[in-house]
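File shown: run.cif (mmCIF, C-alpha atoms).
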```cif
data_final
#
loop_
_atom_site.label_atom_id
_atom_site.label_comp_id
_atom_site.auth_asym_id
_atom_site.auth_seq_id
_atom_site.Cartn_x
_atom_site.Cartn_y
_atom_site.Cartn_z
CA MET A 15 -9.33 -30.00 6.37
CA PRO A 16 -9.21 -26.97 4.05
CA PRO A 17 -7.32 -23.96 5.41
CA GLN A 18 -9.46 -21.34 7.10
CA LYS A 19 -10.58 -18.44 4.95
CA LYS A 20 -8.96 -15.11 5.71
CA LYS A 21 -10.76 -11.81 6.17
CA PHE A 22 -9.54 -9.53 3.40
CA LEU A 23 -10.35 -5.82 3.33
CA PHE A 24 -9.65 -3.77 0.23
CA VAL A 25 -9.40 -0.12 1.26
CA ASN A 26 -9.95 2.29 -1.60
CA ARG A 27 -8.90 5.86 -0.71
CA LYS A 28 -8.33 7.36 -4.16
CA ALA A 29 -10.46 9.21 -6.69
CA PRO A 30 -10.78 7.76 -10.21
CA TYR A 31 -8.90 8.89 -13.36
CA GLY A 32 -6.37 11.24 -11.69
CA THR A 33 -4.40 8.16 -10.64
CA ILE A 34 -4.69 4.46 -11.42
CA HIS A 35 -5.35 3.34 -7.83
CA ALA A 36 -9.15 3.14 -7.83
CA HIS A 37 -9.15 1.18 -11.07
CA GLU A 38 -6.42 -1.16 -9.84
CA ALA A 39 -8.31 -1.71 -6.58
CA LEU A 40 -11.25 -2.97 -8.60
CA GLU A 41 -9.01 -5.31 -10.63
CA ALA A 42 -7.47 -6.64 -7.42
CA ILE A 43 -10.87 -7.23 -5.83
CA LEU A 44 -12.10 -9.18 -8.85
CA THR A 45 -8.89 -11.22 -8.80
CA GLY A 46 -9.15 -11.71 -5.06
CA ALA A 47 -12.72 -12.96 -5.36
CA ALA A 48 -11.48 -16.03 -7.26
CA PHE A 49 -9.46 -17.12 -4.20
CA GLU A 50 -12.58 -17.69 -2.10
CA GLN A 51 -11.60 -15.65 0.91
CA ARG A 52 -13.97 -13.46 2.96
CA ILE A 53 -13.81 -10.21 1.03
CA SER A 54 -14.97 -6.76 2.09
CA ILE A 55 -14.39 -3.38 0.49
CA LEU A 56 -14.17 -0.04 2.22
CA PHE A 57 -14.52 3.21 0.30
CA LEU A 58 -12.81 5.88 2.39
CA ASP A 59 -11.71 9.52 1.93
CA ASP A 60 -11.40 10.38 -1.80
CA GLY A 61 -12.08 6.71 -2.42
CA VAL A 62 -15.82 7.48 -2.38
CA PHE A 63 -15.59 9.43 -5.67
CA PRO A 64 -15.41 6.38 -7.96
CA LEU A 65 -18.91 5.43 -6.78
CA LEU A 66 -20.59 8.52 -8.26
CA LYS A 67 -23.21 7.86 -10.92
CA GLU A 68 -23.09 9.34 -14.41
CA GLN A 69 -19.35 9.23 -14.99
CA ASN A 70 -18.44 9.80 -18.60
CA SER A 71 -14.73 9.67 -19.27
CA GLY A 72 -14.93 9.61 -23.06
CA ASP A 73 -13.52 13.10 -23.54
CA ILE A 74 -10.44 12.49 -21.37
CA GLY A 75 -9.70 9.32 -23.28
CA LEU A 76 -9.73 7.00 -20.28
CA LYS A 77 -11.90 3.96 -19.74
CA ASP A 78 -14.91 4.40 -17.45
CA PHE A 79 -14.60 1.41 -15.14
CA SER A 80 -17.43 2.41 -12.78
CA PRO A 81 -20.03 -0.01 -14.29
CA THR A 82 -17.86 -2.86 -12.99
CA TYR A 83 -18.81 -1.94 -9.41
CA ASN A 84 -22.24 -3.38 -10.17
CA ALA A 85 -20.65 -6.80 -10.58
CA LEU A 86 -19.08 -6.93 -7.12
CA SER A 87 -21.99 -8.70 -5.48
CA LEU A 88 -21.96 -11.32 -8.25
CA TYR A 89 -18.34 -12.03 -7.41
CA GLY A 90 -19.23 -12.93 -3.84
CA VAL A 91 -17.93 -9.80 -2.17
CA GLU A 92 -19.45 -10.00 1.32
CA ASN A 93 -19.53 -6.38 2.39
CA ILE A 94 -19.33 -3.06 0.60
CA TYR A 95 -18.74 -0.34 3.15
CA VAL A 96 -18.68 3.42 2.67
CA ASP A 97 -17.44 5.86 5.29
CA GLU A 98 -20.36 8.24 5.79
CA GLU A 99 -18.19 11.13 6.97
CA SER A 100 -16.13 10.94 3.76
CA LEU A 101 -19.35 11.43 1.77
CA ILE A 102 -20.44 14.42 3.87
CA GLU A 103 -17.00 16.07 3.65
CA ARG A 104 -17.20 15.80 -0.14
CA GLY A 105 -20.77 17.00 -0.57
CA ILE A 106 -22.11 13.65 -1.72
CA ALA A 107 -25.49 12.18 -0.76
CA SER A 108 -25.81 8.41 -0.52
CA ASP A 109 -28.45 8.36 -3.30
CA GLU A 110 -25.84 9.73 -5.69
CA LEU A 111 -23.89 6.48 -5.46
CA SER A 112 -24.11 3.96 -8.29
CA ILE A 113 -24.36 0.85 -6.13
CA LYS A 114 -25.96 -0.28 -2.89
CA VAL A 115 -23.56 0.13 0.02
CA GLU A 116 -23.50 -0.06 3.81
CA LEU A 117 -22.85 3.36 5.34
CA LYS A 118 -20.55 3.27 8.35
CA THR A 119 -19.64 5.77 11.05
CA THR A 120 -16.00 6.58 11.83
CA LYS A 121 -16.16 4.35 14.91
CA GLU A 122 -17.50 1.45 12.84
CA VAL A 123 -14.84 1.99 10.13
CA CYS A 124 -12.11 1.74 12.80
CA LEU A 125 -13.50 -1.54 14.07
CA ILE A 126 -13.90 -2.97 10.57
CA MET A 127 -10.23 -2.28 9.87
CA GLU A 128 -9.07 -3.78 13.17
CA GLN A 129 -10.99 -7.00 12.56
CA GLN A 130 -9.25 -7.96 9.30
CA ASP A 131 -6.56 -10.53 8.67
CA VAL A 132 -5.14 -8.63 5.70
CA ILE A 133 -5.71 -5.10 4.39
CA PHE A 134 -4.95 -4.33 0.77
CA ASN A 135 -4.29 -0.59 0.40
CA PHE A 136 -5.24 1.44 -2.65
CA MET B 23 -3.10 -2.64 14.40
CA LEU B 24 -0.22 -0.83 12.71
CA HIS B 25 -0.71 2.31 10.65
CA ILE B 26 2.09 3.51 8.37
CA ILE B 27 2.34 7.04 6.97
CA ASN B 28 5.03 8.19 4.53
CA LYS B 29 3.71 11.59 3.41
CA SER B 30 4.52 15.07 4.73
CA PRO B 31 1.63 16.44 6.84
CA THR B 32 1.81 19.85 5.17
CA ASN B 33 1.40 18.44 1.65
CA SER B 34 -0.94 15.53 2.28
CA PRO B 35 -4.00 14.84 4.45
CA ALA B 36 -2.76 11.29 5.20
CA LEU B 37 -1.78 12.03 8.82
CA LYS B 38 -5.14 13.65 9.64
CA GLN B 39 -7.03 10.86 7.92
CA CYS B 40 -5.07 8.24 9.82
CA LEU B 41 -5.39 9.93 13.24
CA LYS B 42 -9.16 10.07 12.82
CA ARG B 43 -9.32 6.27 12.37
CA ALA B 44 -6.57 4.99 14.67
CA GLN B 45 -8.12 3.07 17.55
CA GLN B 46 -7.01 3.07 21.17
CA GLY B 47 -3.99 0.79 21.54
CA SER B 48 -2.92 0.91 17.90
CA SER B 49 0.50 2.03 16.65
CA ILE B 50 1.44 4.64 14.08
CA LEU B 51 4.79 4.55 12.31
CA LEU B 52 5.92 7.74 10.60
CA MET B 53 8.48 7.21 7.85
CA GLU B 54 10.05 9.08 4.95
CA ASP B 55 8.46 12.56 4.61
CA ALA B 56 5.95 11.80 7.38
CA ALA B 57 8.86 12.34 9.80
CA TYR B 58 8.34 16.10 9.32
CA ALA B 59 5.05 15.75 11.23
CA LEU B 60 7.07 15.56 14.45
CA ILE B 61 8.65 19.02 14.27
CA SER B 62 7.67 20.79 17.48
CA LYS B 63 5.35 23.81 17.52
CA THR B 64 3.57 22.77 14.33
CA GLU B 65 -0.07 21.91 13.74
CA ALA B 66 0.84 18.32 12.88
CA SER B 67 2.88 17.65 16.00
CA SER B 68 0.26 19.20 18.25
CA GLN B 69 -2.35 16.87 16.70
CA ILE B 70 -0.03 13.95 17.36
CA LYS B 71 0.40 15.04 21.00
CA GLN B 72 -3.37 14.96 21.44
CA HIS B 73 -3.42 11.27 20.49
CA MET B 74 -0.34 10.16 22.47
CA ASN B 75 -2.28 8.92 25.46
CA ARG B 76 -4.13 6.35 23.36
CA VAL B 77 -1.87 5.56 20.38
CA SER B 78 1.85 4.64 20.31
CA PHE B 79 3.91 6.70 17.88
CA TYR B 80 7.10 5.54 16.22
CA VAL B 81 9.41 7.18 13.70
CA LEU B 82 12.24 5.78 11.63
CA GLU B 83 15.39 7.36 13.07
CA PRO B 84 17.29 7.15 9.74
CA ASP B 85 14.58 9.35 8.17
CA ILE B 86 14.86 11.89 11.02
CA LYS B 87 18.63 11.99 10.69
CA ALA B 88 18.61 12.27 6.89
CA ARG B 89 16.27 15.26 7.07
CA GLY B 90 18.23 17.17 9.71
CA ILE B 91 15.35 17.40 12.17
CA GLY B 92 16.74 15.31 15.04
CA GLU B 93 16.84 18.28 17.43
CA LYS B 94 13.49 19.69 16.38
CA ILE B 95 11.11 16.85 17.12
CA ILE B 96 8.68 16.51 20.00
CA SER B 97 9.41 14.13 22.88
CA GLY B 98 7.49 10.96 23.62
CA ILE B 99 8.07 9.42 20.21
CA GLN B 100 9.92 6.12 19.91
CA ARG B 101 12.74 6.60 17.43
CA ILE B 102 13.50 3.22 15.87
CA GLY B 103 15.72 1.63 13.24
CA TYR B 104 14.80 -0.92 10.59
CA ASN B 105 15.27 -3.90 12.97
CA ASP B 106 12.71 -2.46 15.36
CA PHE B 107 10.42 -1.71 12.42
CA VAL B 108 10.47 -5.45 11.70
CA LYS B 109 9.68 -6.19 15.37
CA LEU B 110 6.84 -3.66 15.29
CA ALA B 111 5.39 -5.30 12.17
CA CYS B 112 5.59 -8.68 13.93
CA SER B 113 3.74 -7.46 17.00
CA GLN B 114 0.95 -5.55 15.23
CA HIS B 115 -1.67 -6.66 12.79
CA PRO B 116 -3.25 -5.92 10.37
CA VAL B 117 -1.28 -3.15 8.67
CA GLN B 118 -2.75 -0.14 6.84
CA SER B 119 -0.52 2.20 4.83
CA TRP B 120 -1.93 5.70 4.38
CA PHE B 121 -0.58 7.27 1.22
CA MET C 22 7.27 -14.66 10.72
CA LYS C 23 6.34 -14.69 7.02
CA PHE C 24 6.15 -11.27 5.36
CA ALA C 25 4.65 -10.28 2.03
CA ILE C 26 5.78 -6.91 0.69
CA GLN C 27 4.07 -4.75 -1.92
CA ILE C 28 5.96 -1.93 -3.62
CA ASN C 29 3.95 0.64 -5.56
CA GLN C 30 6.40 3.35 -6.53
CA SER C 31 9.28 3.75 -8.96
CA PRO C 32 12.86 3.89 -7.75
CA TYR C 33 14.88 7.12 -7.89
CA THR C 34 11.75 9.32 -7.78
CA HIS C 35 10.46 7.90 -4.50
CA GLN C 36 12.11 6.73 -1.31
CA SER C 37 9.62 3.92 -0.73
CA PRO C 38 11.55 1.23 -2.69
CA ASP C 39 14.58 2.12 -0.54
CA THR C 40 12.60 1.85 2.69
CA ALA C 41 11.12 -1.45 1.51
CA TYR C 42 14.63 -2.71 0.78
CA GLN C 43 15.91 -1.74 4.24
CA PHE C 44 12.90 -3.42 5.85
CA THR C 45 13.39 -6.58 3.78
CA LEU C 46 17.08 -6.78 4.60
CA ALA C 47 16.44 -6.27 8.33
CA ALA C 48 13.70 -8.92 8.30
CA LEU C 49 15.90 -11.47 6.52
CA LYS C 50 18.84 -10.78 8.81
CA SER C 51 16.66 -11.29 11.87
CA GLY C 52 15.66 -14.71 10.56
CA HIS C 53 12.22 -13.92 9.18
CA GLU C 54 10.92 -15.16 5.86
CA ILE C 55 10.00 -12.87 2.97
CA TYR C 56 7.35 -14.91 1.23
CA ARG C 57 7.17 -12.63 -1.79
CA ILE C 58 7.76 -9.07 -2.94
CA PHE C 59 5.09 -7.92 -5.34
CA PHE C 60 5.93 -4.92 -7.55
CA TYR C 61 2.81 -3.07 -8.60
CA HIS C 62 1.89 0.16 -10.49
CA ASP C 63 5.08 2.19 -11.19
CA GLY C 64 6.84 -0.16 -8.77
CA VAL C 65 7.40 -2.51 -11.73
CA LEU C 66 10.25 -0.17 -12.77
CA ASN C 67 12.21 -1.71 -9.88
CA GLY C 68 12.68 -4.66 -12.25
CA SER C 69 14.04 -2.75 -15.24
CA GLY C 70 17.34 -4.45 -16.05
CA PHE C 71 18.57 -1.57 -18.21
CA THR C 72 18.75 0.64 -15.11
CA THR C 73 22.18 2.31 -15.15
CA PRO C 74 22.71 4.86 -12.39
CA PRO C 75 26.02 6.74 -12.00
CA GLN C 76 28.67 4.48 -10.50
CA ASP C 77 28.81 6.23 -7.14
CA GLU C 78 25.06 5.82 -6.64
CA ARG C 79 23.09 2.85 -5.30
CA ASN C 80 21.69 0.54 -7.96
CA VAL C 81 18.17 -0.16 -6.72
CA VAL C 82 17.49 -2.81 -9.35
CA ALA C 83 20.77 -4.72 -8.96
CA ARG C 84 20.27 -4.59 -5.19
CA TRP C 85 16.98 -6.51 -5.54
CA SER C 86 18.61 -9.04 -7.88
CA GLU C 87 21.42 -9.63 -5.37
CA LEU C 88 18.93 -10.08 -2.55
CA ALA C 89 16.98 -12.62 -4.62
CA GLU C 90 20.14 -14.55 -5.33
CA GLU C 91 21.42 -14.54 -1.78
CA TYR C 92 18.16 -15.30 0.02
CA GLY C 93 16.12 -16.95 -2.73
CA ILE C 94 13.22 -14.52 -2.37
CA ASP C 95 10.42 -14.41 -4.90
CA LEU C 96 10.40 -11.07 -6.76
CA VAL C 97 7.18 -10.81 -8.75
CA ILE C 98 6.41 -8.02 -11.19
CA CYS C 99 2.73 -7.43 -11.98
CA ILE C 100 2.56 -8.44 -15.63
CA ALA C 101 -0.29 -6.12 -16.61
CA ALA C 102 1.45 -3.10 -15.05
CA ALA C 103 4.76 -4.19 -16.62
CA GLN C 104 3.35 -4.47 -20.14
CA ARG C 105 1.98 -0.94 -19.87
CA ARG C 106 5.38 0.37 -18.74
CA GLY C 107 7.59 -1.61 -21.08
CA ILE C 108 9.12 -4.17 -18.72
CA MET C 109 9.43 -7.51 -20.55
CA ASP C 110 11.16 -10.83 -20.12
CA ALA C 111 12.53 -12.59 -23.23
CA ASP C 112 9.29 -14.47 -23.96
CA GLU C 113 7.09 -11.41 -23.63
CA ALA C 114 9.44 -9.28 -25.73
CA GLU C 115 9.42 -11.84 -28.50
CA ARG C 116 5.67 -12.27 -28.36
CA HIS C 117 5.14 -8.50 -28.69
CA GLY C 118 7.84 -8.05 -31.35
CA HIS C 119 10.33 -6.04 -29.31
CA ALA C 120 14.02 -6.14 -30.19
CA ALA C 121 15.24 -6.67 -26.63
CA SER C 122 13.98 -7.74 -23.23
CA ASN C 123 14.78 -5.89 -20.03
CA LEU C 124 13.52 -7.83 -17.01
CA ALA C 125 16.34 -7.83 -14.45
CA ALA C 126 17.80 -11.06 -13.05
CA GLY C 127 15.91 -12.66 -10.19
CA PHE C 128 12.52 -11.16 -11.12
CA ARG C 129 9.59 -12.91 -12.73
CA LEU C 130 6.42 -11.61 -14.39
CA SER C 131 3.08 -12.84 -13.12
CA GLY C 132 -0.50 -11.77 -12.43
CA LEU C 133 -2.29 -10.00 -9.59
CA GLY C 134 -3.25 -13.39 -8.20
CA GLN C 135 0.29 -13.58 -6.83
CA LEU C 136 -0.45 -10.61 -4.57
CA ILE C 137 -3.68 -12.15 -3.32
CA GLU C 138 -1.99 -15.50 -2.76
CA ALA C 139 0.79 -13.77 -0.82
CA GLY C 140 -1.94 -12.22 1.36
CA ILE C 141 -3.26 -15.70 2.08
CA GLU C 142 0.10 -17.36 2.71
CA ALA C 143 1.98 -14.64 4.61
CA ASP C 144 1.41 -13.56 8.22
CA ARG C 145 1.72 -9.89 7.32
CA LEU C 146 1.30 -7.76 4.20
CA LEU C 147 3.17 -4.45 4.18
CA VAL C 148 2.58 -1.90 1.45
CA PHE C 149 5.28 0.63 0.61
CA GLY C 150 4.49 3.88 -1.20
CA GLY C 151 1.58 4.83 -3.36
#
```
Starting from the file, give its structure as structure tokens.
Amino acid sequence: MPPQKKKFLFVNRKAPYGTIHAHEALEAILTGAAFEQRISILFLDDGVFPLLKEQNSGDIGLKDFSPTYNALSLYGVENIYVDEESLIERGIASDELSIKVELKTTKEVCLIMEQQDVIFNF
Amino acid sequence: MLHIINKSPTNSPALKQCLKRAQQGSSILLMEDAAYALISKTEASSQIKQHMNRVSFYVLEPDIKARGIGEKIISGIQRIGYNDFVKLACSQHPVQSWF
Amino acid sequence: MKFAIQINQSPYTHQSPDTAYQFTLAALKSGHEIYRIFFYHDGVLNGSGFTTPPQDERNVVARWSELAEEYGIDLVICIAAAQRRGIMDADEAERHGHAASNLAAGFRLSGLGQLIEAGIEADRLLVFGG
């Protein structure tokens, strides 16, 4: 019998460009997808910033990795969650996000975290 | 569930962000510069006090001692060493580090 | 219990590699297994074999190497992060035309898959620093 799949949650809490974390989170998710576990992503706190549309990082000389978020569903990522309060705190409306996400309340975010087997922190 | 914080509460929002999401019955371990959150009569320690009835708080004693704040911290916090940190990690799951 | 450890920060600037070391040592001494330590982001500098602190100071890198030798733990450096920060084993150094290699004893270079696999195999994943 094959081993049971684990519930993996990748928590992204960092803005893009200023540090490498958001970009690395994406790399780790794409790598993780190949291992056929049950993968969810949570965008929390400043981690909602990488989802903004219309990023153009040409002038700062860094690669714009945001188009890759579009590929997440193709990679079999089960759930893409965004903490609604993090959006509100940062003056972002959900229609400003580049991909389709599930908005979650604080209470729901807590439960999602508790229900995981492993949390990868970024 | 175990939450780990290693950032000072006066320089980083990590403590606030963690407290908002920590569920009833979960544990929070303060380590490294997060130990400063326990200094009495500060905004951070009063926030921690408000959550004490539903969340268990731990701090790494070696970090308290190194920083010279052993006499300044609020009561009701479990001061633990690295062996108890291991036991805590065994008893709680999953683990989220807030940095 | 089987632990996987992830270390994100560089030694000497941040305390987190020291805390991770103390945790690892305590876990091993209490009979637990460290399935793997994965060094990520600036944490790859924990595997720089040219690290030469003053003699009266702890040697963070040598300390990991000694732990690997004594307990046989798997110290994995993220290869993509390592290439960007100039940490190379002999093969990598030769392939990229560098005069010397600097990966410390007991470490190996590998991909991000090693972190994911550690998440699958271990009972707990603990992340230090970031």
Residues matched by the PyMOL selection byres ((chain A and resi 113-125) around 10) as number ranges by chain: A: 55-58, 65-67, 80-81, 83-87, 93-101, 108-112, 126-130; B: 42-46
List, as a PDB file with C-alpha atoms, in the frame of the given file, every residue that the PyMOL selection byres ((chain B and resi 79-88) around 9) selects in the file provided.
```
ATOM      1  CA  SER B  48      -2.920   0.910  17.900  1.00  0.00           C
ATOM      2  CA  SER B  49       0.500   2.030  16.650  1.00  0.00           C
ATOM      3  CA  ILE B  50       1.440   4.640  14.080  1.00  0.00           C
ATOM      4  CA  LEU B  51       4.790   4.550  12.310  1.00  0.00           C
ATOM      5  CA  LEU B  52       5.920   7.740  10.600  1.00  0.00           C
ATOM      6  CA  MET B  53       8.480   7.210   7.850  1.00  0.00           C
ATOM      7  CA  GLU B  54      10.050   9.080   4.950  1.00  0.00           C
ATOM      8  CA  ASP B  55       8.460  12.560   4.610  1.00  0.00           C
ATOM      9  CA  ALA B  56       5.950  11.800   7.380  1.00  0.00           C
ATOM     10  CA  ALA B  57       8.860  12.340   9.800  1.00  0.00           C
ATOM     11  CA  TYR B  58       8.340  16.100   9.320  1.00  0.00           C
ATOM     12  CA  LEU B  60       7.070  15.560  14.450  1.00  0.00           C
ATOM     13  CA  ILE B  70      -0.030  13.950  17.360  1.00  0.00           C
ATOM     14  CA  MET B  74      -0.340  10.160  22.470  1.00  0.00           C
ATOM     15  CA  VAL B  77      -1.870   5.560  20.380  1.00  0.00           C
ATOM     16  CA  SER B  78       1.850   4.640  20.310  1.00  0.00           C
ATOM     17  CA  ARG B  89      16.270  15.260   7.070  1.00  0.00           C
ATOM     18  CA  GLY B  90      18.230  17.170   9.710  1.00  0.00           C
ATOM     19  CA  ILE B  91      15.350  17.400  12.170  1.00  0.00           C
ATOM     20  CA  GLY B  92      16.740  15.310  15.040  1.00  0.00           C
ATOM     21  CA  ILE B  95      11.110  16.850  17.120  1.00  0.00           C
ATOM     22  CA  GLY B  98       7.490  10.960  23.620  1.00  0.00           C
ATOM     23  CA  ILE B  99       8.070   9.420  20.210  1.00  0.00           C
ATOM     24  CA  GLN B 100       9.920   6.120  19.910  1.00  0.00           C
ATOM     25  CA  ARG B 101      12.740   6.600  17.430  1.00  0.00           C
ATOM     26  CA  ILE B 102      13.500   3.220  15.870  1.00  0.00           C
ATOM     27  CA  GLY B 103      15.720   1.630  13.240  1.00  0.00           C
ATOM     28  CA  TYR B 104      14.800  -0.920  10.590  1.00  0.00           C
ATOM     29  CA  PHE B 107      10.420  -1.710  12.420  1.00  0.00           C
TER      30      PHE B 107
END
```
Kindly resolve the PyMOL selection byres ((chain B) within 8 of (chain C)) on the present coordinates and return the residues as a short mmCIF file (atom, residue, chain, number, x, y, z; two decimals) with C-alpha atoms, in the coordinates of the input.
```
data_model
loop_
_atom_site.label_atom_id
_atom_site.label_comp_id
_atom_site.auth_asym_id
_atom_site.auth_seq_id
_atom_site.Cartn_x
_atom_site.Cartn_y
_atom_site.Cartn_z
CA ASN B 28 5.03 8.19 4.53
CA GLU B 54 10.05 9.08 4.95
CA TYR B 104 14.80 -0.92 10.59
CA ASN B 105 15.27 -3.90 12.97
CA PHE B 107 10.42 -1.71 12.42
CA VAL B 108 10.47 -5.45 11.70
CA ALA B 111 5.39 -5.30 12.17
CA CYS B 112 5.59 -8.68 13.93
CA HIS B 115 -1.67 -6.66 12.79
CA PRO B 116 -3.25 -5.92 10.37
CA VAL B 117 -1.28 -3.15 8.67
CA GLN B 118 -2.75 -0.14 6.84
CA SER B 119 -0.52 2.20 4.83
CA PHE B 121 -0.58 7.27 1.22
#
```
Option closest in space to C:Val81, from C:Leu124, C:Ser69, C:Pro32, C:Cys99 [counting only C-alpha atoms]: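 The shortest atom-to-atom distance to C:Val81 comes from C:Pro32.
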Please, what distance in Å, to one decimal, runs between atom CA of B:Ile96 and atom CA of B:Leu37?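 If I compute the distance from atom CA of B:Ile96 to atom CA of B:Leu37, I get 16.0 Å.
Nearest residue to B:Pro35 among B:His73, B:Thr64, B:Ala59, B:Lys94 is B:Ala59, counting all atoms listed in the file.
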In Å, how far is it from atom CA of A:Glu92 to atom CA of C:Ile137? 16.6 Å
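Reported to one decimal place, the separation of atom CA of A:Lys19 from atom CA of A:Ala36 is 25.1 Å.
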So, counting only C-alpha atoms, which residue among A:Gly105, A:Gly75, A:Gly46, A:Gly90 is closest to C:Gln135? A:Gly46
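For the set C:Asn29, C:Thr34, C:Thr72, C:Asn80, the residue with the smallest atom-to-atom gap to C:Ala125 is C:Thr72, counting all atoms listed in the file.
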Could you add whatever atoms are missing so that stretch 72-92 of chain B carries N, CA and C atoms, then write the result as a JSON list (two decimals), keeping the file's coordinate frame?
```
[["chain", "number", "residue", "atom", "x", "y", "z"],
["B", 72, "GLN", "N", -2.01, 15.20, 20.93],
["B", 72, "GLN", "CA", -3.37, 14.96, 21.44],
["B", 72, "GLN", "C", -3.75, 13.48, 21.43],
["B", 73, "HIS", "N", -3.07, 12.69, 20.59],
["B", 73, "HIS", "CA", -3.42, 11.27, 20.49],
["B", 73, "HIS", "C", -2.44, 10.37, 21.25],
["B", 74, "MET", "N", -1.41, 10.96, 21.86],
["B", 74, "MET", "CA", -0.34, 10.16, 22.47],
["B", 74, "MET", "C", -0.78, 9.29, 23.62],
["B", 75, "ASN", "N", -1.84, 9.72, 24.31],
["B", 75, "ASN", "CA", -2.28, 8.92, 25.46],
["B", 75, "ASN", "C", -3.03, 7.66, 25.05],
["B", 76, "ARG", "N", -3.38, 7.54, 23.77],
["B", 76, "ARG", "CA", -4.13, 6.35, 23.36],
["B", 76, "ARG", "C", -3.48, 5.57, 22.22],
["B", 77, "VAL", "N", -2.53, 6.20, 21.52],
["B", 77, "VAL", "CA", -1.87, 5.56, 20.38],
["B", 77, "VAL", "C", -0.36, 5.65, 20.58],
["B", 78, "SER", "N", 0.39, 4.59, 20.22],
["B", 78, "SER", "CA", 1.85, 4.64, 20.31],
["B", 78, "SER", "C", 2.43, 5.14, 18.99],
["B", 79, "PHE", "N", 3.30, 6.14, 19.09],
["B", 79, "PHE", "CA", 3.91, 6.70, 17.88],
["B", 79, "PHE", "C", 5.37, 6.27, 17.75],
["B", 80, "TYR", "N", 5.73, 5.93, 16.53],
["B", 80, "TYR", "CA", 7.10, 5.54, 16.22],
["B", 80, "TYR", "C", 7.56, 6.34, 15.00],
["B", 81, "VAL", "N", 8.87, 6.55, 14.91],
["B", 81, "VAL", "CA", 9.41, 7.18, 13.70],
["B", 81, "VAL", "C", 10.70, 6.47, 13.34],
["B", 82, "LEU", "N", 10.98, 6.37, 12.05],
["B", 82, "LEU", "CA", 12.24, 5.78, 11.63],
["B", 82, "LEU", "C", 13.36, 6.80, 11.83],
["B", 83, "GLU", "N", 14.27, 6.48, 12.74],
["B", 83, "GLU", "CA", 15.39, 7.36, 13.07],
["B", 83, "GLU", "C", 16.23, 7.74, 11.84],
["B", 84, "PRO", "N", 16.50, 6.77, 10.92],
["B", 84, "PRO", "CA", 17.29, 7.15, 9.74],
["B", 84, "PRO", "C", 16.62, 8.26, 8.92],
["B", 85, "ASP", "N", 15.29, 8.30, 8.92],
["B", 85, "ASP", "CA", 14.58, 9.35, 8.17],
["B", 85, "ASP", "C", 14.69, 10.71, 8.88],
["B", 86, "ILE", "N", 14.68, 10.67, 10.22],
["B", 86, "ILE", "CA", 14.86, 11.89, 11.02],
["B", 86, "ILE", "C", 16.25, 12.49, 10.76],
["B", 87, "LYS", "N", 17.24, 11.58, 10.84],
["B", 87, "LYS", "CA", 18.63, 11.99, 10.69],
["B", 87, "LYS", "C", 18.89, 12.55, 9.29],
["B", 88, "ALA", "N", 18.40, 11.85, 8.28],
["B", 88, "ALA", "CA", 18.61, 12.27, 6.89],
["B", 88, "ALA", "C", 18.06, 13.67, 6.65],
["B", 89, "ARG", "N", 16.96, 13.99, 7.33],
["B", 89, "ARG", "CA", 16.27, 15.26, 7.07],
["B", 89, "ARG", "C", 16.73, 16.40, 7.98],
["B", 90, "GLY", "N", 17.68, 16.11, 8.87],
["B", 90, "GLY", "CA", 18.23, 17.17, 9.71],
["B", 90, "GLY", "C", 17.26, 17.73, 10.72],
["B", 91, "ILE", "N", 16.35, 16.89, 11.23],
["B", 91, "ILE", "CA", 15.35, 17.40, 12.17],
["B", 91, "ILE", "C", 15.43, 16.72, 13.54],
["B", 92, "GLY", "N", 16.56, 16.05, 13.78],
["B", 92, "GLY", "CA", 16.74, 15.31, 15.04],
["B", 92, "GLY", "C", 16.53, 16.15, 16.30]]
```
